[in-house]
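Structure file data.cif (mmCIF, C-alpha atoms) follows.
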```cif
data_data
#
loop_
_atom_site.label_atom_id
_atom_site.label_comp_id
_atom_site.auth_asym_id
_atom_site.auth_seq_id
_atom_site.Cartn_x
_atom_site.Cartn_y
_atom_site.Cartn_z
CA MET A 1 -17.31 19.39 31.75
CA THR A 2 -18.20 19.05 35.48
CA PHE A 3 -16.01 17.18 37.99
CA THR A 4 -16.77 15.69 41.40
CA VAL A 5 -14.59 16.62 44.39
CA ASP A 6 -12.55 13.43 44.06
CA GLU A 7 -12.04 13.99 40.35
CA GLU A 8 -10.87 17.55 41.00
CA GLU A 9 -8.32 16.25 43.52
CA VAL A 10 -7.01 13.72 40.99
CA LEU A 11 -6.83 16.44 38.34
CA ASP A 12 -4.89 18.70 40.73
CA GLN A 13 -2.42 15.89 41.38
CA ILE A 14 -2.00 15.17 37.67
CA ASN A 15 -1.48 18.84 36.92
CA VAL A 16 1.61 18.80 39.13
CA LEU A 17 3.29 16.89 36.30
CA PRO A 18 5.40 18.94 33.89
CA ASP A 19 4.19 19.53 30.33
CA GLU A 20 6.54 17.04 28.72
CA ILE A 21 5.26 14.19 30.94
CA LEU A 22 1.63 15.01 30.21
CA ILE A 23 2.37 15.13 26.48
CA TYR A 24 4.06 11.73 26.76
CA ILE A 25 0.91 10.37 28.46
CA PHE A 26 -1.31 11.96 25.81
CA LYS A 27 0.69 10.16 23.11
CA CYS A 28 -0.67 6.87 24.44
CA LEU A 29 -4.29 7.94 24.05
CA PRO A 30 -6.60 7.21 21.10
CA LEU A 31 -7.85 10.23 19.17
CA ASP A 32 -11.28 10.35 20.87
CA SER A 33 -9.67 10.49 24.30
CA LEU A 34 -7.22 13.13 23.16
CA LEU A 35 -10.09 15.30 21.94
CA ASN A 36 -11.80 14.88 25.32
CA CYS A 37 -8.61 16.02 27.04
CA GLU A 38 -8.97 19.34 25.25
CA LYS A 39 -12.17 19.99 27.21
CA VAL A 40 -10.66 19.49 30.68
CA CYS A 41 -8.93 22.83 31.13
CA LYS A 42 -7.03 25.49 29.22
CA ARG A 43 -3.66 23.88 29.90
CA TRP A 44 -4.81 20.48 28.71
CA GLU A 45 -6.35 22.00 25.62
CA GLU A 46 -3.02 23.56 24.72
CA LEU A 47 -1.04 20.40 25.43
CA ALA A 48 -3.51 18.17 23.54
CA ARG A 49 -2.87 20.27 20.46
CA ASP A 50 0.89 19.98 20.62
CA PRO A 51 2.33 19.27 17.12
CA ALA A 52 4.28 16.29 18.48
CA LEU A 53 0.99 14.55 19.27
CA TRP A 54 -0.68 15.25 15.95
CA ARG A 55 2.36 14.11 13.98
CA ARG A 56 1.41 10.49 14.73
CA ILE A 57 -2.33 10.78 14.09
CA VAL A 58 -3.62 9.84 10.62
CA ILE A 59 -7.07 11.26 9.86
CA VAL A 60 -8.93 9.06 7.36
CA TYR A 61 -11.70 10.37 5.13
CA SER A 62 -13.31 7.56 3.13
CA GLY A 63 -16.01 7.25 0.52
CA LYS A 64 -16.24 3.49 0.98
CA GLN A 65 -19.69 2.13 1.64
CA GLY A 66 -20.23 1.51 5.34
CA GLN A 67 -17.70 4.12 6.48
CA THR A 68 -19.88 7.21 6.04
CA GLU A 69 -20.50 7.80 9.75
CA VAL A 70 -16.81 7.61 10.64
CA SER A 71 -15.87 9.85 7.71
CA GLU A 72 -18.44 12.48 8.68
CA LYS A 73 -17.02 12.50 12.20
CA ASN A 74 -13.49 12.79 10.87
CA LEU A 75 -14.52 15.62 8.57
CA GLU A 76 -15.72 17.51 11.63
CA ILE A 77 -12.28 16.97 13.16
CA ILE A 78 -10.61 18.16 9.96
CA LEU A 79 -12.67 21.36 9.98
CA SER A 80 -12.19 22.06 13.69
CA HIS A 81 -8.50 21.08 13.91
CA LYS A 82 -7.23 21.90 10.44
CA GLU A 83 -4.17 23.78 11.69
CA TYR A 84 -3.05 20.76 13.75
CA ILE A 85 -3.63 17.89 11.30
CA GLN A 86 -0.37 16.71 9.75
CA CYS A 87 -1.27 13.29 8.34
CA LEU A 88 -4.29 12.85 6.07
CA LYS A 89 -5.51 9.80 4.18
CA ILE A 90 -8.37 9.97 1.68
CA GLN A 91 -9.62 6.75 0.13
CA TYR A 92 -12.36 5.60 -2.26
CA MET A 93 -13.22 9.14 -3.33
CA TYR A 94 -14.05 9.57 -7.01
CA ILE A 95 -14.93 13.26 -7.25
CA TYR A 96 -11.80 15.39 -7.26
CA SER A 97 -13.61 18.56 -6.19
CA VAL A 98 -14.51 16.76 -2.92
CA ILE A 99 -10.92 15.59 -2.49
CA LYS A 100 -9.67 19.12 -3.12
CA PHE A 101 -12.08 20.59 -0.57
CA VAL A 102 -10.86 18.21 2.14
CA ILE A 103 -7.13 18.57 1.50
CA ASP A 104 -7.42 22.36 1.20
CA GLN A 105 -8.60 22.49 4.82
CA CYS A 106 -5.27 21.16 6.10
CA GLU A 107 -2.56 23.79 6.32
CA ASN A 108 0.37 21.83 7.71
CA LEU A 109 0.41 18.40 6.09
CA ILE A 110 3.58 16.32 6.17
CA SER A 111 1.84 13.13 5.00
CA LEU A 112 -0.78 12.89 2.24
CA GLU A 113 -2.29 9.64 1.00
CA LEU A 114 -4.84 9.44 -1.81
CA VAL A 115 -5.63 5.75 -2.17
CA MET A 116 -8.21 4.32 -4.58
CA CYS A 117 -9.14 7.85 -5.62
CA ARG A 118 -9.67 9.66 -8.92
CA ILE A 119 -7.26 12.54 -9.20
CA GLY A 120 -7.53 15.60 -11.39
CA LYS A 121 -4.86 17.46 -13.32
CA ASP A 122 -5.08 20.32 -10.82
CA PHE A 123 -3.44 18.12 -8.22
CA GLU A 124 0.03 18.91 -9.53
CA TYR A 125 -0.61 22.55 -8.57
CA ASP A 126 -2.68 21.89 -5.44
CA ILE A 127 0.09 19.81 -3.88
CA LEU A 128 2.45 22.81 -3.87
CA LYS A 129 0.58 23.99 -0.77
CA TRP A 130 2.61 21.55 1.36
CA PRO A 131 6.35 22.00 0.66
CA ASN A 132 7.20 20.12 3.88
CA LEU A 133 5.64 16.83 2.77
CA LYS A 134 7.55 13.81 3.98
CA LYS A 135 5.16 11.19 2.64
CA LEU A 136 3.17 11.11 -0.60
CA ASN A 137 1.13 8.02 -1.41
CA LEU A 138 -1.01 7.80 -4.58
CA ARG A 139 -1.11 4.02 -4.87
CA ASN A 140 -4.03 2.44 -6.73
CA SER A 141 -5.45 5.84 -7.66
CA ILE A 142 -6.22 6.82 -11.25
CA LEU A 143 -6.37 10.03 -13.25
CA LEU A 144 -9.80 11.42 -14.10
CA SER A 145 -8.79 11.57 -17.76
CA SER A 146 -6.52 9.14 -19.56
CA ASN A 147 -5.64 11.87 -22.05
CA ILE A 148 -3.64 13.91 -19.55
CA ASP A 149 -0.34 13.39 -17.83
CA LEU A 150 0.12 14.56 -14.27
CA MET A 151 3.59 15.89 -13.47
CA VAL A 152 4.36 16.14 -9.77
CA PRO A 153 7.06 18.82 -9.29
CA PHE A 154 9.28 16.84 -6.93
CA GLU A 155 11.91 19.57 -6.79
CA ASN A 156 9.54 21.42 -4.45
CA PHE A 157 9.61 18.68 -1.82
CA CYS A 158 13.12 18.54 -0.44
CA HIS A 159 11.94 16.80 2.79
CA LEU A 160 10.22 13.90 1.01
CA GLN A 161 11.06 10.52 2.58
CA TYR A 162 8.35 8.20 1.25
CA LEU A 163 6.96 8.14 -2.29
CA ALA A 164 4.42 5.63 -3.61
CA LEU A 165 2.84 6.19 -7.02
CA SER A 166 0.29 4.52 -9.22
CA ASP A 167 1.03 4.50 -12.98
CA PHE A 168 1.23 8.30 -13.25
CA GLY A 169 3.02 11.27 -11.68
CA LEU A 170 6.53 10.39 -12.87
CA SER A 171 7.84 10.26 -16.42
CA SER A 172 10.90 11.10 -18.48
CA LEU A 173 9.81 14.74 -18.34
CA ASN A 174 10.01 15.19 -14.57
CA CYS A 175 11.91 12.16 -13.25
CA ASP A 176 15.20 14.05 -12.80
CA SER A 177 13.47 16.30 -10.26
CA LEU A 178 13.32 13.24 -7.98
CA LEU A 179 17.11 13.14 -7.75
CA GLY A 180 17.09 16.26 -5.59
CA CYS A 181 14.96 14.65 -2.85
CA ASN A 182 17.94 13.94 -0.62
CA TYR A 183 15.99 12.25 2.19
CA LEU A 184 13.99 9.81 0.06
CA THR A 185 14.33 6.39 1.68
CA HIS A 186 11.17 4.59 0.44
CA ILE A 187 10.46 4.60 -3.33
CA LEU A 188 7.56 2.52 -4.63
CA ILE A 189 7.13 3.16 -8.34
CA GLU A 190 6.63 -0.37 -9.67
CA LYS A 191 3.75 0.65 -11.94
CA ILE A 192 5.70 3.41 -13.70
CA LYS A 193 7.01 2.26 -17.08
CA GLY A 194 9.51 3.75 -19.50
CA LEU A 195 11.71 5.66 -17.05
CA GLY A 196 14.94 4.66 -18.74
CA LEU A 197 18.03 2.80 -17.61
CA GLU A 198 20.14 5.92 -17.13
CA PHE A 199 17.62 7.51 -14.76
CA ILE A 200 17.12 4.38 -12.61
CA ASN A 201 20.88 3.99 -12.20
CA LYS A 202 21.25 7.69 -11.31
CA LEU A 203 18.39 7.39 -8.84
CA ILE A 204 19.99 4.44 -7.08
CA LEU A 205 23.38 6.16 -6.98
CA SER A 206 21.86 9.31 -5.50
CA LYS A 207 20.13 7.32 -2.72
CA GLN A 208 22.70 4.56 -2.24
CA LYS A 209 23.52 5.39 1.39
CA ILE A 210 19.96 5.89 2.63
CA ILE A 211 17.44 3.92 0.58
CA LYS A 212 15.45 1.30 2.53
CA THR A 213 12.66 0.36 0.10
CA LEU A 214 12.74 0.22 -3.70
CA HIS A 215 9.91 -1.15 -5.83
CA ILE A 216 10.41 -0.57 -9.56
CA TYR A 217 8.93 -1.88 -12.79
CA GLY A 218 12.22 -2.90 -14.37
CA GLY A 219 12.18 -4.10 -17.97
CA ASN A 220 14.51 -1.98 -20.10
CA SER A 221 15.07 0.31 -17.09
CA ILE A 222 17.41 -2.15 -15.36
CA ASN A 223 20.35 -4.41 -16.18
CA ASP A 224 22.98 -6.38 -14.26
CA TYR A 225 24.85 -3.18 -13.46
CA THR A 226 21.69 -1.82 -11.80
CA LEU A 227 21.68 -4.78 -9.41
CA LYS A 228 25.38 -4.21 -8.77
CA LEU A 229 24.52 -0.66 -7.70
CA LEU A 230 21.73 -1.99 -5.50
CA SER A 231 24.13 -4.41 -3.82
CA ASN A 232 25.92 -1.38 -2.35
CA CYS A 233 22.74 0.03 -0.76
CA VAL A 234 23.65 -0.79 2.83
CA SER A 235 20.22 0.00 4.33
CA LEU A 236 18.05 -1.66 1.67
CA ASN A 237 15.60 -4.09 3.30
CA ASP A 238 12.75 -4.27 0.77
CA LEU A 239 13.38 -4.76 -2.96
CA ALA A 240 10.84 -5.54 -5.68
CA ILE A 241 11.49 -5.69 -9.43
CA VAL A 242 8.45 -6.63 -11.49
CA ARG A 243 10.11 -7.24 -14.87
CA CYS A 244 13.55 -8.88 -14.85
CA GLU A 245 13.87 -10.29 -18.36
CA ASN A 246 17.19 -8.53 -18.99
CA LEU A 247 18.94 -9.82 -15.87
CA THR A 248 21.40 -12.70 -15.71
CA ASP A 249 23.02 -14.70 -12.92
CA LYS A 250 25.75 -12.07 -12.66
CA GLY A 251 23.33 -9.38 -11.54
CA PHE A 252 21.17 -11.68 -9.42
CA ILE A 253 24.14 -13.04 -7.48
CA SER A 254 25.31 -9.52 -6.60
CA LEU A 255 22.24 -9.19 -4.35
CA THR A 256 23.86 -11.60 -1.90
CA GLN A 257 25.93 -8.65 -0.69
CA LEU A 258 22.81 -7.09 0.86
CA ASN A 259 23.02 -7.88 4.56
CA ASN A 260 19.81 -6.16 5.70
CA LEU A 261 17.38 -7.44 3.07
CA GLN A 262 14.11 -8.77 4.57
CA HIS A 263 11.71 -8.67 1.61
CA LEU A 264 12.58 -9.64 -1.97
CA GLN A 265 10.39 -9.85 -5.08
CA ILE A 266 12.02 -10.83 -8.39
CA TRP A 267 9.52 -11.56 -11.17
CA ASN A 268 9.63 -12.68 -14.80
CA ASN A 269 12.97 -14.15 -15.81
CA ASN A 270 14.10 -17.03 -18.03
CA ASN A 271 17.85 -16.29 -17.83
CA PHE A 272 18.69 -17.25 -14.25
CA THR A 273 20.14 -20.73 -14.16
CA GLU A 274 19.31 -23.24 -11.46
CA THR A 275 22.92 -23.01 -10.30
CA GLY A 276 22.68 -19.23 -10.03
CA ILE A 277 19.39 -19.39 -8.14
CA LEU A 278 20.82 -21.91 -5.69
CA GLN A 279 23.87 -19.72 -5.15
CA VAL A 280 21.66 -16.76 -4.28
CA LEU A 281 19.29 -18.73 -2.06
CA GLY A 282 22.21 -20.38 -0.29
CA SER A 283 23.68 -17.05 0.77
CA PRO A 284 23.58 -16.41 4.57
CA SER A 285 22.31 -12.86 3.99
CA ILE A 286 19.39 -13.99 1.79
CA LYS A 287 18.43 -16.72 4.26
CA GLN A 288 17.28 -13.98 6.66
CA LEU A 289 14.35 -13.02 4.40
CA LYS A 290 10.86 -12.68 5.88
CA SER A 291 9.09 -12.68 2.50
CA LEU A 292 10.19 -13.90 -0.92
CA SER A 293 8.55 -13.89 -4.33
CA LEU A 294 10.15 -15.68 -7.29
CA SER A 295 7.06 -15.62 -9.47
CA ARG A 296 7.41 -16.48 -13.16
CA ILE A 297 11.05 -17.47 -12.72
CA GLN A 298 11.67 -20.25 -15.25
CA ASN A 299 14.37 -22.22 -13.43
CA VAL A 300 13.06 -22.31 -9.88
CA THR A 301 13.08 -26.05 -9.19
CA PRO A 302 12.12 -28.40 -6.34
CA VAL A 303 15.77 -28.33 -5.23
CA SER A 304 15.53 -24.55 -4.75
CA VAL A 305 12.33 -24.84 -2.76
CA ASP A 306 13.73 -27.65 -0.60
CA LEU A 307 16.57 -25.30 0.33
CA LEU A 308 14.02 -22.66 1.34
CA SER A 309 12.02 -25.06 3.49
CA GLU A 310 15.10 -26.27 5.34
CA TYR A 311 17.07 -23.09 5.99
CA TYR A 312 14.72 -20.09 5.81
CA LYS A 313 13.61 -19.94 9.44
CA ASN A 314 12.34 -16.32 9.30
CA LEU A 315 10.24 -16.76 6.16
CA LYS A 316 6.55 -15.89 6.58
CA PHE A 317 5.47 -15.55 2.94
CA LEU A 318 6.56 -17.32 -0.24
CA ALA A 319 5.21 -16.72 -3.76
CA LEU A 320 6.01 -19.12 -6.59
CA TYR A 321 3.35 -17.85 -8.96
CA HIS A 322 3.61 -19.50 -12.39
CA CYS A 323 6.97 -21.17 -11.81
CA PRO A 324 6.64 -23.87 -14.49
CA LYS A 325 8.90 -26.45 -12.81
CA ILE A 326 6.86 -26.28 -9.60
CA ILE A 327 3.19 -25.82 -10.44
CA HIS A 328 1.13 -28.62 -11.95
CA THR A 329 3.73 -31.20 -10.87
CA ASP A 330 3.77 -33.89 -8.20
CA TYR A 331 6.09 -31.66 -6.21
CA GLU A 332 3.40 -29.01 -5.89
CA LYS A 333 1.33 -31.36 -3.74
CA GLN A 334 4.19 -31.61 -1.23
CA LEU A 335 4.56 -27.87 -0.70
CA LYS A 336 1.86 -27.45 1.95
CA SER A 337 3.55 -30.01 4.15
CA LYS A 338 6.93 -28.36 3.68
CA PHE A 339 5.64 -24.90 4.65
CA ARG A 340 3.08 -25.48 7.38
CA ASN A 341 3.56 -22.15 9.14
CA ILE A 342 3.70 -19.68 6.25
CA ASP A 343 1.57 -18.51 3.34
CA VAL A 344 2.56 -20.05 -0.01
CA VAL A 345 1.13 -18.60 -3.21
CA LEU A 346 1.31 -20.68 -6.38
CA TYR A 347 -1.36 -19.26 -8.67
#
```

Mind converting the file's structure to structure tokens?
Amino acid sequence: MTFTVDEEEVLDQINVLPDEILIYIFKCLPLDSLLNCEKVCKRWEELARDPALWRRIVIVYSGKQGQTEVSEKNLEIILSHKEYIQCLKIQYMYIYSVIKFVIDQCENLISLELVMCRIGKDFEYDILKWPNLKKLNLRNSILLSSNIDLMVPFENFCHLQYLALSDFGLSSLNCDSLLGCNYLTHILIEKIKGLGLEFINKLILSKQKIIKTLHIYGGNSINDYTLKLLSNCVSLNDLAIVRCENLTDKGFISLTQLNNLQHLQIWNNNNFTETGILQVLGSPSIKQLKSLSLSRIQNVTPVSVDLLSEYYKNLKFLALYHCPKIIHTDYEKQLKSKFRNIDVVLY
């Protein structure tokens, strides 16, 4: 790279700055600019490869049609900077040998996302290469064979903070290993069935002081006592329970003790009474919600929704999917006028 006299003077002035200030400036740069900084001089090359910079950069390798050129460029970065890359996302890749080749290049991952991918049985062994993982995301991926069960050995990842799974990777055989992940604050396992009530309650108890996000399937894995345990999770701000058939007003009302809740999804219940629902929705803590889904809740009524429209000033998204006392009624036609500034999902 050749500089003019003026550019050299500017560079000399910039180089007066201490390393920590230059690194702070580099943090504000897009990846392409950061890579160009490496070519300026030896000092800049060293600073541009500081781990603090690469900790925020997510390299995406995608098999999606139309993204080939970007992915080829990113693969070059993966191969040339493999010791610096800490966050990797692979998406729309259906050949596990290709996925394995790419992830094997990265020596120091703390975040690995395989989204919309096909994953092989070998993954449960391959993942052991990164014991310092803080984030593991396998959402919307599938196993190459439906006849196998993939068991992620969570006991090997004591630094894990974020876990998102598809419908595999966690079962009754390895679920207790998750209890030892003492820093796990975001747990998204809403597609995992059959975990058992005892395990879910133990999981919540083990993370009660730190958990911020919990998405679970529910069904026979939860009861009113489970929601009582959740009500003591002081940092919980995002809760989703897909199947709530076993819950009653007693459990539902206990959620009003959550003062930091911003996102709530409670689906599939015929037991909540209108009185119980109104008590929950009338709580000052619940009124702070930014998104709310009460889909397939039998006794959500126009009175409940009127309360939402009048008092929920922070609400940006509302789902009332298949609420029988709302949809296909005259009241449904009024909803758009009641919620002009937010998305409302009915179907």

Query raised in the report: Taking the file as shown, what set of residues would the PyMOL selection byres ((chain A and resi 30) around 12) give back, as a PyMOL selection string?
Result: chain A and resi 25-29+31-37+48+53-54+56-59

**Report entry** Ground truth for the PyMOL selection byres ((chain A and resi 181-198) around 8), written as a PyMOL selection string
**Finding:** chain A and resi 154-155+157-168+170-172+175+177-180+199-202+206-207+210-218+220-223+240-242

**Report entry** Residues near stretch 253-261 of chain A, cut-off 9 Å, all atoms listed in the file, skip fewer than 4 positions along chain, as a list in words
**Finding:** Lys212, Asp224, Leu227, Lys228, Leu229, Leu230, Ser231, Asn232, Cys233, Val234, Ser235, Leu236, Asn237, Asp238, Leu239, Thr248, Asp249, Gly276, Ile277, Gln279, Val280, Leu281, Ser283, Pro284, Ser285, Ile286, Gln288, Leu289 and Lys290 of chain A

Please evaluate the PyMOL selection byres ((chain A and resi 302) around 12) against the structure above and give the resulting residues as an mmCIF file with C-alpha atoms, keeping the file's coordinate frame.
```
data_model
loop_
_atom_site.group_PDB
_atom_site.id
_atom_site.type_symbol
_atom_site.label_atom_id
_atom_site.label_comp_id
_atom_site.auth_asym_id
_atom_site.auth_seq_id
_atom_site.Cartn_x
_atom_site.Cartn_y
_atom_site.Cartn_z
ATOM 1 C CA GLU A 274 19.310 -23.240 -11.460
ATOM 2 C CA ILE A 277 19.390 -19.390 -8.140
ATOM 3 C CA LEU A 278 20.820 -21.910 -5.690
ATOM 4 C CA ASN A 299 14.370 -22.220 -13.430
ATOM 5 C CA VAL A 300 13.060 -22.310 -9.880
ATOM 6 C CA THR A 301 13.080 -26.050 -9.190
ATOM 7 C CA VAL A 303 15.770 -28.330 -5.230
ATOM 8 C CA SER A 304 15.530 -24.550 -4.750
ATOM 9 C CA VAL A 305 12.330 -24.840 -2.760
ATOM 10 C CA ASP A 306 13.730 -27.650 -0.600
ATOM 11 C CA LEU A 307 16.570 -25.300 0.330
ATOM 12 C CA LEU A 308 14.020 -22.660 1.340
ATOM 13 C CA SER A 309 12.020 -25.060 3.490
ATOM 14 C CA LEU A 320 6.010 -19.120 -6.590
ATOM 15 C CA CYS A 323 6.970 -21.170 -11.810
ATOM 16 C CA PRO A 324 6.640 -23.870 -14.490
ATOM 17 C CA LYS A 325 8.900 -26.450 -12.810
ATOM 18 C CA ILE A 326 6.860 -26.280 -9.600
ATOM 19 C CA ILE A 327 3.190 -25.820 -10.440
ATOM 20 C CA THR A 329 3.730 -31.200 -10.870
ATOM 21 C CA ASP A 330 3.770 -33.890 -8.200
ATOM 22 C CA TYR A 331 6.090 -31.660 -6.210
ATOM 23 C CA GLU A 332 3.400 -29.010 -5.890
ATOM 24 C CA LYS A 333 1.330 -31.360 -3.740
ATOM 25 C CA GLN A 334 4.190 -31.610 -1.230
ATOM 26 C CA LEU A 335 4.560 -27.870 -0.700
ATOM 27 C CA LYS A 338 6.930 -28.360 3.680
#
```

**Report entry** Between atom CA of A:Leu75 and atom CA of A:Pro51 - distance in Å to one decimal
**Finding:** 19.2 Å

Query - Residues within 12 Å of (-9.1, 18.7, 3.1), file coords, only C-alpha atoms, listed as a VMD selection string - result: chain A and resid 59 to 62 74 to 83 85 to 90 96 to 109 112 to 114 126 to 127 129

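Taking only C-alpha atoms into account, the polymer residues that have an atom no farther than 7 Å from (-1.8, -17.9, 3.6) are Ile342, Asp343 and Val344 of chain A.
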
Please dump the current selection as a tab-separated table (two decimals), in the coordinates of the input; keep C-alpha atoms.
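Once everything was written out, this is selection23.tsv:
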```
chain	number	residue	atom	x	y	z
A	342	ILE	CA	3.70	-19.68	6.25
A	343	ASP	CA	1.57	-18.51	3.34
A	344	VAL	CA	2.56	-20.05	-0.01
```

Query raised in the report: Quick one: residues within 6 Å of stretch 118-120 of chain A, all atoms listed in the file counted, chain neighbours fewer than 3 positions away excluded, as a PyMOL selection string?
Result: chain A and resi 94+96+123+141-144

All heavy atoms modelled onto stretch 108-116 of chain A, as a short mmCIF file (atom, residue, chain, number, x, y, z; two decimals), in the frame of the given file:
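The resulting out.cif:
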```cif
data_model
loop_
_atom_site.label_atom_id
_atom_site.label_comp_id
_atom_site.auth_asym_id
_atom_site.auth_seq_id
_atom_site.Cartn_x
_atom_site.Cartn_y
_atom_site.Cartn_z
N ASN A 108 -0.99 22.21 7.30
CA ASN A 108 0.37 21.83 7.71
C ASN A 108 0.66 20.35 7.48
O ASN A 108 1.30 19.70 8.31
CB ASN A 108 0.56 22.17 9.20
CG ASN A 108 0.41 23.65 9.47
OD1 ASN A 108 1.11 24.47 8.89
ND2 ASN A 108 -0.53 23.99 10.34
N LEU A 109 0.20 19.81 6.36
CA LEU A 109 0.41 18.40 6.09
C LEU A 109 1.88 18.04 5.88
O LEU A 109 2.61 18.75 5.19
CB LEU A 109 -0.38 17.97 4.85
CG LEU A 109 -1.90 17.92 4.95
CD1 LEU A 109 -2.50 17.45 3.64
CD2 LEU A 109 -2.34 17.03 6.10
N ILE A 110 2.28 16.92 6.48
CA ILE A 110 3.58 16.32 6.17
C ILE A 110 3.39 14.94 5.55
O ILE A 110 4.34 14.35 5.04
CB ILE A 110 4.47 16.22 7.42
CG1 ILE A 110 3.82 15.34 8.50
CG2 ILE A 110 4.81 17.60 7.97
CD1 ILE A 110 4.73 15.03 9.67
N SER A 111 2.14 14.43 5.60
CA SER A 111 1.84 13.13 5.00
C SER A 111 0.48 13.20 4.32
O SER A 111 -0.52 13.56 4.95
CB SER A 111 1.82 12.03 6.07
OG SER A 111 1.38 10.80 5.52
N LEU A 112 0.46 12.87 3.02
CA LEU A 112 -0.78 12.89 2.24
C LEU A 112 -0.91 11.59 1.47
O LEU A 112 -0.02 11.22 0.70
CB LEU A 112 -0.80 14.07 1.27
CG LEU A 112 -2.02 14.16 0.34
CD1 LEU A 112 -3.30 14.29 1.14
CD2 LEU A 112 -1.86 15.33 -0.64
N GLU A 113 -2.03 10.89 1.69
CA GLU A 113 -2.29 9.64 1.00
C GLU A 113 -3.64 9.74 0.29
O GLU A 113 -4.67 9.99 0.93
CB GLU A 113 -2.31 8.47 1.99
CG GLU A 113 -1.00 8.30 2.75
CD GLU A 113 -1.04 7.11 3.70
OE1 GLU A 113 -0.94 5.97 3.21
OE2 GLU A 113 -1.19 7.35 4.91
N LEU A 114 -3.62 9.52 -1.01
CA LEU A 114 -4.84 9.44 -1.81
C LEU A 114 -4.88 8.04 -2.41
O LEU A 114 -4.21 7.77 -3.41
CB LEU A 114 -4.86 10.50 -2.90
CG LEU A 114 -4.71 11.96 -2.45
CD1 LEU A 114 -4.76 12.90 -3.65
CD2 LEU A 114 -5.79 12.34 -1.44
N VAL A 115 -5.63 7.17 -1.80
CA VAL A 115 -5.63 5.75 -2.17
C VAL A 115 -6.99 5.36 -2.74
O VAL A 115 -8.03 5.66 -2.16
CB VAL A 115 -5.30 4.88 -0.93
CG1 VAL A 115 -5.31 3.40 -1.31
CG2 VAL A 115 -3.96 5.28 -0.33
N MET A 116 -6.97 4.70 -3.88
CA MET A 116 -8.21 4.32 -4.58
C MET A 116 -9.07 5.55 -4.86
O MET A 116 -10.29 5.54 -4.67
CB MET A 116 -8.99 3.28 -3.75
CG MET A 116 -8.25 1.99 -3.50
SD MET A 116 -7.91 1.03 -5.00
CE MET A 116 -9.57 0.52 -5.46
#
```
